[in-house]
$ cat upload.cif   # mmCIF, C-alpha atoms and all ligand atoms
data_work
loop_
_atom_site.group_PDB
_atom_site.id
_atom_site.type_symbol
_atom_site.label_atom_id
_atom_site.label_comp_id
_atom_site.auth_asym_id
_atom_site.auth_seq_id
_atom_site.Cartn_x
_atom_site.Cartn_y
_atom_site.Cartn_z
ATOM 1 C CA MET M 3 88.869 -41.730 11.153
ATOM 2 C CA ILE M 4 87.987 -38.756 13.336
ATOM 3 C CA LEU M 5 84.531 -37.166 13.351
ATOM 4 C CA ARG M 6 84.396 -33.528 14.400
ATOM 5 C CA ASP M 7 82.648 -30.228 13.745
ATOM 6 C CA ALA M 8 83.698 -28.654 10.448
ATOM 7 C CA THR M 9 85.597 -25.352 10.465
ATOM 8 C CA SER M 10 85.956 -22.816 7.670
ATOM 9 C CA THR M 11 89.487 -24.063 6.964
ATOM 10 C CA ASP M 12 88.038 -27.490 6.076
ATOM 11 C CA TRP M 13 86.259 -26.059 3.024
ATOM 12 C CA PRO M 14 88.872 -26.917 0.334
ATOM 13 C CA GLY M 15 88.863 -30.548 1.483
ATOM 14 C CA ILE M 16 85.075 -30.579 1.758
ATOM 15 C CA TRP M 17 84.751 -29.185 -1.777
ATOM 16 C CA ARG M 18 87.016 -31.937 -3.119
ATOM 17 C CA VAL M 19 84.521 -34.425 -1.647
ATOM 18 C CA LEU M 20 81.349 -32.548 -2.612
ATOM 19 C CA GLU M 21 82.149 -31.366 -6.119
ATOM 20 C CA PRO M 22 82.148 -34.764 -7.902
ATOM 21 C CA ALA M 23 78.840 -35.733 -6.257
ATOM 22 C CA LEU M 24 77.162 -32.423 -7.137
ATOM 23 C CA ARG M 25 78.525 -32.425 -10.702
ATOM 24 C CA ALA M 26 77.294 -36.018 -11.219
ATOM 25 C CA GLY M 27 73.777 -34.878 -10.332
ATOM 26 C CA GLU M 28 72.572 -38.370 -9.435
ATOM 27 C CA THR M 29 71.873 -37.926 -5.723
ATOM 28 C CA TYR M 30 71.016 -34.293 -4.960
ATOM 29 C CA THR M 31 68.786 -31.629 -6.487
ATOM 30 C CA TYR M 32 71.461 -28.922 -6.617
ATOM 31 C CA PRO M 33 72.139 -27.522 -10.105
ATOM 32 C CA ARG M 34 74.926 -29.639 -11.589
ATOM 33 C CA ASP M 35 76.852 -26.483 -12.501
ATOM 34 C CA ILE M 36 76.567 -24.996 -9.004
ATOM 35 C CA ALA M 37 79.380 -22.542 -8.295
ATOM 36 C CA GLU M 38 81.766 -23.337 -5.477
ATOM 37 C CA ASP M 39 80.674 -20.318 -3.431
ATOM 38 C CA GLU M 40 77.002 -21.320 -3.764
ATOM 39 C CA ALA M 41 77.838 -24.836 -2.625
ATOM 40 C CA ARG M 42 79.754 -23.412 0.283
ATOM 41 C CA THR M 43 76.746 -21.306 1.304
ATOM 42 C CA ALA M 44 74.471 -24.346 1.010
ATOM 43 C CA TRP M 45 76.656 -26.678 3.073
ATOM 44 C CA MET M 46 78.648 -24.542 5.562
ATOM 45 C CA LEU M 47 75.524 -23.451 7.350
ATOM 46 C CA PRO M 48 75.489 -21.377 10.557
ATOM 47 C CA ALA M 49 73.779 -22.491 13.773
ATOM 48 C CA PRO M 50 71.304 -23.953 14.459
ATOM 49 C CA ALA M 51 72.686 -26.156 11.681
ATOM 50 C CA ARG M 52 75.645 -28.364 12.548
ATOM 51 C CA VAL M 53 78.240 -29.441 10.009
ATOM 52 C CA LEU M 54 80.410 -32.487 10.711
ATOM 53 C CA VAL M 55 83.390 -33.853 8.834
ATOM 54 C CA ALA M 56 85.037 -37.252 8.881
ATOM 55 C CA VAL M 57 88.786 -36.819 8.501
ATOM 56 C CA ASP M 58 91.567 -39.323 8.022
ATOM 57 C CA ASN M 59 93.394 -39.591 11.326
ATOM 58 C CA THR M 60 96.826 -39.693 9.714
ATOM 59 C CA SER M 61 96.608 -37.354 6.700
ATOM 60 C CA GLY M 62 93.879 -35.097 8.091
ATOM 61 C CA GLY M 63 92.182 -35.219 4.684
ATOM 62 C CA VAL M 64 88.415 -34.833 4.555
ATOM 63 C CA LEU M 65 86.681 -38.173 3.849
ATOM 64 C CA GLY M 66 83.084 -37.057 4.149
ATOM 65 C CA ILE M 67 80.717 -34.325 5.281
ATOM 66 C CA ALA M 68 77.326 -34.287 6.961
ATOM 67 C CA LYS M 69 75.055 -31.485 8.046
ATOM 68 C CA TYR M 70 71.836 -31.377 10.002
ATOM 69 C CA LEU M 71 69.401 -28.593 10.737
ATOM 70 C CA PRO M 72 65.707 -28.024 11.465
ATOM 71 C CA ASN M 73 63.639 -29.399 8.587
ATOM 72 C CA HIS M 74 61.219 -26.505 9.053
ATOM 73 C CA PRO M 75 61.397 -23.360 11.210
ATOM 74 C CA GLY M 76 59.133 -22.600 14.145
ATOM 75 C CA ALA M 77 56.585 -25.272 14.906
ATOM 76 C CA GLY M 78 58.442 -27.784 12.694
ATOM 77 C CA ALA M 79 61.872 -27.190 14.170
ATOM 78 C CA HIS M 80 61.836 -30.313 16.375
ATOM 79 C CA VAL M 81 62.281 -32.456 13.247
ATOM 80 C CA ALA M 82 65.787 -32.491 11.797
ATOM 81 C CA ASN M 83 66.859 -32.836 8.199
ATOM 82 C CA ALA M 84 70.329 -34.098 7.243
ATOM 83 C CA SER M 85 72.577 -34.480 4.199
ATOM 84 C CA PHE M 86 75.682 -36.579 3.635
ATOM 85 C CA VAL M 87 78.436 -36.969 1.056
ATOM 86 C CA VAL M 88 81.409 -39.321 1.271
ATOM 87 C CA GLY M 89 84.321 -38.950 -1.157
ATOM 88 C CA HIS M 90 84.815 -41.550 -3.894
ATOM 89 C CA ASP M 91 88.176 -42.601 -2.455
ATOM 90 C CA ALA M 92 86.624 -43.392 0.924
ATOM 91 C CA ALA M 93 83.409 -45.055 -0.315
ATOM 92 C CA GLY M 94 82.276 -48.340 1.144
ATOM 93 C CA ARG M 95 84.545 -48.171 4.207
ATOM 94 C CA GLY M 96 81.993 -47.220 6.804
ATOM 95 C CA VAL M 97 82.444 -43.438 6.677
ATOM 96 C CA GLY M 98 78.816 -42.816 5.713
ATOM 97 C CA ARG M 99 77.523 -45.068 8.451
ATOM 98 C CA ALA M 100 79.794 -43.417 11.054
ATOM 99 C CA LEU M 101 78.705 -39.929 9.990
ATOM 100 C CA ALA M 102 75.049 -40.960 10.072
ATOM 101 C CA GLU M 103 75.374 -42.465 13.554
ATOM 102 C CA ALA M 104 77.095 -39.272 14.761
ATOM 103 C CA VAL M 105 74.365 -37.140 13.208
ATOM 104 C CA LEU M 106 71.610 -39.231 14.787
ATOM 105 C CA ALA M 107 73.286 -39.037 18.200
ATOM 106 C CA GLY M 108 73.966 -35.312 17.821
ATOM 107 C CA ALA M 109 70.440 -34.539 16.724
ATOM 108 C CA ARG M 110 69.020 -36.550 19.612
ATOM 109 C CA ALA M 111 71.292 -34.736 22.071
ATOM 110 C CA ASP M 112 70.271 -31.386 20.569
ATOM 111 C CA GLY M 113 66.638 -32.201 21.350
ATOM 112 C CA TYR M 114 65.269 -33.095 17.936
ATOM 113 C CA ARG M 115 62.440 -35.616 18.101
ATOM 114 C CA ALA M 116 62.754 -37.121 14.635
ATOM 115 C CA MET M 117 64.777 -36.954 11.428
ATOM 116 C CA GLN M 118 63.323 -36.607 7.960
ATOM 117 C CA PHE M 119 65.002 -36.875 4.588
ATOM 118 C CA ASN M 120 62.976 -34.976 2.012
ATOM 119 C CA ALA M 121 64.495 -36.160 -1.237
ATOM 120 C CA VAL M 122 66.271 -39.529 -1.337
ATOM 121 C CA VAL M 123 66.590 -40.551 -4.973
ATOM 122 C CA GLU M 124 64.905 -43.957 -5.173
ATOM 123 C CA THR M 125 67.661 -45.329 -7.412
ATOM 124 C CA ASN M 126 70.351 -44.377 -4.869
ATOM 125 C CA GLU M 127 70.464 -47.949 -3.566
ATOM 126 C CA ARG M 128 73.521 -47.431 -1.420
ATOM 127 C CA ALA M 129 71.944 -44.557 0.473
ATOM 128 C CA VAL M 130 68.484 -46.145 0.739
ATOM 129 C CA ARG M 131 69.996 -49.353 2.132
ATOM 130 C CA LEU M 132 72.080 -47.399 4.640
ATOM 131 C CA TRP M 133 69.142 -45.278 5.823
ATOM 132 C CA ARG M 134 66.878 -48.330 6.170
ATOM 133 C CA SER M 135 69.561 -50.121 8.187
ATOM 134 C CA LEU M 136 69.631 -47.126 10.546
ATOM 135 C CA GLY M 137 65.886 -47.315 11.177
ATOM 136 C CA PHE M 138 64.497 -44.962 8.548
ATOM 137 C CA GLU M 139 61.383 -45.926 6.641
ATOM 138 C CA VAL M 140 60.018 -44.621 3.379
ATOM 139 C CA LEU M 141 56.860 -42.627 4.168
ATOM 140 C CA ALA M 142 56.077 -41.894 0.550
ATOM 141 C CA THR M 143 57.711 -41.695 -2.835
ATOM 142 C CA VAL M 144 57.035 -38.644 -4.945
ATOM 143 C CA PRO M 145 56.747 -40.046 -8.456
ATOM 144 C CA GLU M 146 59.046 -38.798 -11.213
ATOM 145 C CA ALA M 147 60.227 -35.941 -8.993
ATOM 146 C CA PHE M 148 63.921 -36.306 -9.839
ATOM 147 C CA ASP M 149 65.409 -35.922 -13.311
ATOM 148 C CA HIS M 150 68.304 -38.384 -13.181
ATOM 149 C CA PRO M 151 70.991 -37.628 -15.785
ATOM 150 C CA VAL M 152 71.223 -41.290 -16.795
ATOM 151 C CA LEU M 153 67.919 -42.886 -15.782
ATOM 152 C CA GLY M 154 65.496 -40.075 -16.533
ATOM 153 C CA LEU M 155 62.547 -39.314 -14.258
ATOM 154 C CA VAL M 156 62.671 -41.319 -11.020
ATOM 155 C CA GLY M 157 60.990 -41.014 -7.638
ATOM 156 C CA LEU M 158 62.093 -39.191 -4.514
ATOM 157 C CA HIS M 159 61.615 -40.983 -1.201
ATOM 158 C CA ILE M 160 60.592 -39.080 1.903
ATOM 159 C CA MET M 161 62.301 -41.060 4.690
ATOM 160 C CA HIS M 162 61.749 -40.674 8.431
ATOM 161 C CA ARG M 163 62.682 -42.059 11.803
ATOM 162 C CA ALA M 164 61.956 -41.058 15.356
ATOM 163 C CA LEU M 165 64.924 -40.154 17.566
HETATM 164 C C1 LIG X 201 75.446 -42.772 0.600
HETATM 165 C C2 LIG X 201 76.865 -42.568 1.091
HETATM 166 C C3 LIG X 201 76.883 -41.383 2.072
HETATM 167 C C4 LIG X 201 77.321 -43.836 1.821
HETATM 168 O O1 LIG X 201 78.619 -43.610 2.329
HETATM 169 P P1 LIG X 201 79.714 -44.798 2.415
HETATM 170 O O2 LIG X 201 80.797 -44.307 3.293
HETATM 171 O O3 LIG X 201 80.099 -45.243 1.063
HETATM 172 O O4 LIG X 201 78.853 -45.953 3.122
HETATM 173 P P2 LIG X 201 79.386 -47.026 4.171
HETATM 174 O O5 LIG X 201 80.721 -47.549 3.751
HETATM 175 O O6 LIG X 201 79.255 -46.457 5.542
HETATM 176 O O7 LIG X 201 78.324 -48.162 3.964
HETATM 177 C C5 LIG X 201 77.131 -48.079 4.632
HETATM 178 C C6 LIG X 201 76.095 -48.956 3.991
HETATM 179 O O8 LIG X 201 75.886 -48.506 2.662
HETATM 180 C C7 LIG X 201 75.518 -49.623 1.895
HETATM 181 N N1 LIG X 201 76.536 -49.800 0.868
HETATM 182 C C8 LIG X 201 77.850 -49.474 0.910
HETATM 183 N N2 LIG X 201 78.460 -49.750 -0.237
HETATM 184 C C9 LIG X 201 77.489 -50.264 -1.031
HETATM 185 C C10 LIG X 201 77.457 -50.728 -2.367
HETATM 186 N N3 LIG X 201 78.557 -50.739 -3.136
HETATM 187 N N4 LIG X 201 76.277 -51.172 -2.859
HETATM 188 C C11 LIG X 201 75.156 -51.154 -2.108
HETATM 189 N N5 LIG X 201 75.126 -50.714 -0.839
HETATM 190 C C12 LIG X 201 76.277 -50.282 -0.316
HETATM 191 C C13 LIG X 201 75.441 -50.804 2.799
HETATM 192 O O9 LIG X 201 74.149 -50.877 3.350
HETATM 193 C C14 LIG X 201 76.421 -50.420 3.878
HETATM 194 O O10 LIG X 201 76.101 -51.118 5.013
HETATM 195 P P3 LIG X 201 77.233 -51.917 5.854
HETATM 196 O O11 LIG X 201 77.831 -50.880 6.722
HETATM 197 O O12 LIG X 201 76.427 -52.927 6.615
HETATM 198 O O13 LIG X 201 78.192 -52.526 4.854
HETATM 199 C C15 LIG X 201 77.861 -42.325 -0.087
HETATM 200 O O14 LIG X 201 77.713 -43.376 -1.008
HETATM 201 C C16 LIG X 201 77.690 -41.012 -0.808
HETATM 202 O O15 LIG X 201 78.209 -39.988 -0.384
HETATM 203 N N6 LIG X 201 76.956 -41.026 -1.926
HETATM 204 C C17 LIG X 201 76.799 -39.824 -2.749
HETATM 205 C C18 LIG X 201 75.921 -38.790 -2.057
HETATM 206 C C19 LIG X 201 74.649 -39.398 -1.511
HETATM 207 O O16 LIG X 201 74.050 -40.239 -2.131
HETATM 208 N N7 LIG X 201 74.254 -38.916 -0.325
HETATM 209 C C20 LIG X 201 73.026 -39.363 0.306
HETATM 210 C C21 LIG X 201 71.851 -38.733 -0.342
HETATM 211 S S1 LIG X 201 70.321 -39.298 0.381
#
$ encode --input "upload.cif" --output "structure tokens"
Amino acid sequence: MILRDATSTDWPGIWRVLEPALRAGETYTYPRDIAEDEARTAWMLPAPARVLVAVDNTSGGVLGIAKYLPNHPGAGAHVANASFVVGHDAAGRGVGRALAEAVLAGARADGYRAMQFNAVVETNERAVRLWRSLGFEVLATVPEAFDHPVLGLVGLHIMHRAL
């Protein structure tokens, strides 16, 4: 696997990874019927955001995407926010962990002082376990803030770690 900055030509491969996760609606608050161009605007963000992809080192196919950016502008801009999606075909093989470690290192190098996740679905056990293992803690859980398509109303964790 190679981790590198995303380019505009990566978008078709990124969309193949993103679309099933966004359509499933179990892990992010985007509308489940989000149009491809809206998803592209939401994920292929300009600086100061950074967008990384994990690509297969033989096929070049996109395995996963991550982005990080200031969680708030101005006086809150020293705290980063990040988002991650790994494709179904690549799940459970360490791509998410590698992307997260690259994002943490990149954010630290860019001068961010902490990273905050604003909306981790509490039933997303895979993600919660990964974030905890990387040093994030749950600061609070907003009750019934996420309308899960299968489970109904569940909480959203706010997770945080210093960098
Ligand atoms: C969360 C996500 C990014 C993890 O990516 P991944 O490449 O599958 O994860 P990894 O293979 O790197 O596994 C990392 C950790 O996840 C956890 N994990 C992986 N597979 C798991 C499973 N089947 N059940 C429970 N936990 C699991 C483990 O803690 C694992 O730790 P390990 O490295 O010690 O084994 C991926 O599942 C995903 O894209 N999910 C949909 C979108 C999403 O939820 N994004 C995050 C929103 S907060």
$ resolve_selection --input "upload.cif" --expression "the PyMOL selection byres (((chain M and resi 49-52) around 9) and not hetatm)" --output "MDAnalysis selection string"
chainID M and resid 7:8 46:48 53:54 68:72 105 108
$ axis_aligned_box --input "upload.cif" --around "ligand LIG 201 (chain X)" --padding-each-side "5 Å" --output "lines of an AutoDock Vina configuration file"
center_x = 75.6
center_y = -45.8
center_z = 1.8
size_x = 20.5
size_y = 24.2
size_z = 19.9
$ residues_near_ligand --input "upload.cif" --ligand "ligand LIG 201 (chain X)" --cutoff "7 Å" --atoms "only C-alpha atoms and all ligand atoms" --output "list in words"
Ala23, Thr29, Tyr30, Ser85, Phe86, Val87, Val88, Gly89, Ala92, Ala93, Gly94, Arg95, Gly96, Val97, Gly98, Arg99, Ala100, Ala121, Val122, Val123, Asn126, Glu127, Arg128, Ala129, Arg131, Leu132 and Ser135 of chain M
$ atom_distance --input "upload.cif" --atom1 "atom CA of M:Ala84" --atom2 "atom CA of M:Glu146"
22.1 Å
$ atom_distance --input "upload.cif" --atom1 "atom CA of M:Leu20" --atom2 "atom CA of M:Asp149"
19.5 Å
$ atom_distance --input "upload.cif" --atom1 "atom CA of M:Thr143" --atom2 "atom CA of M:Ala79"
22.7 Å
$ residues_around --input "upload.cif" --residues "M:Glu139" --least-positions-apart "5" --cutoff "9 Å" --atoms "only C-alpha atoms" --output "ChimeraX atom specification"
/M:133-134,160-163
$ closest_residue --input "upload.cif" --among "M:Leu165, M:Trp45, M:Pro75, M:Val19" --to "M:Arg110" --atoms "all atoms listed in the file"
M:Leu165
$ residues_around --input "upload.cif" --residues "M:Thr31" --least-positions-apart "4" --cutoff "12 Å" --atoms "all atoms listed in the file" --output "list in words"
Ala23, Leu24, Arg25, Ala26, Gly27, Asp35, Ile36, Ala41, Ala44, Ser85, Asn120, Ala121, Val122, Val123, Ala147, Phe148, Asp149, His150, Pro151 and Leu158 of chain M
$ resolve_selection --input "upload.cif" --expression "the PyMOL selection byres (((chain M and resi 11) around 12) and not hetatm)" --output "list in words"
Asp7, Ala8, Thr9, Ser10, Asp12, Trp13, Pro14, Gly15, Ile16, Trp17, Arg42, Met46, Val55, Gly62, Gly63 and Val64 of chain M
$ resolve_selection --input "upload.cif" --expression "the PyMOL selection byres (((chain M and resi 59) around 6) and not hetatm)" --output "ChimeraX atom specification"
/M:3-4,58,60,62
$ closest_residue --input "upload.cif" --among "M:Phe119, M:Pro145, M:Val152, M:Glu21" --to "M:Pro33" --atoms "all atoms listed in the file"
M:Glu21
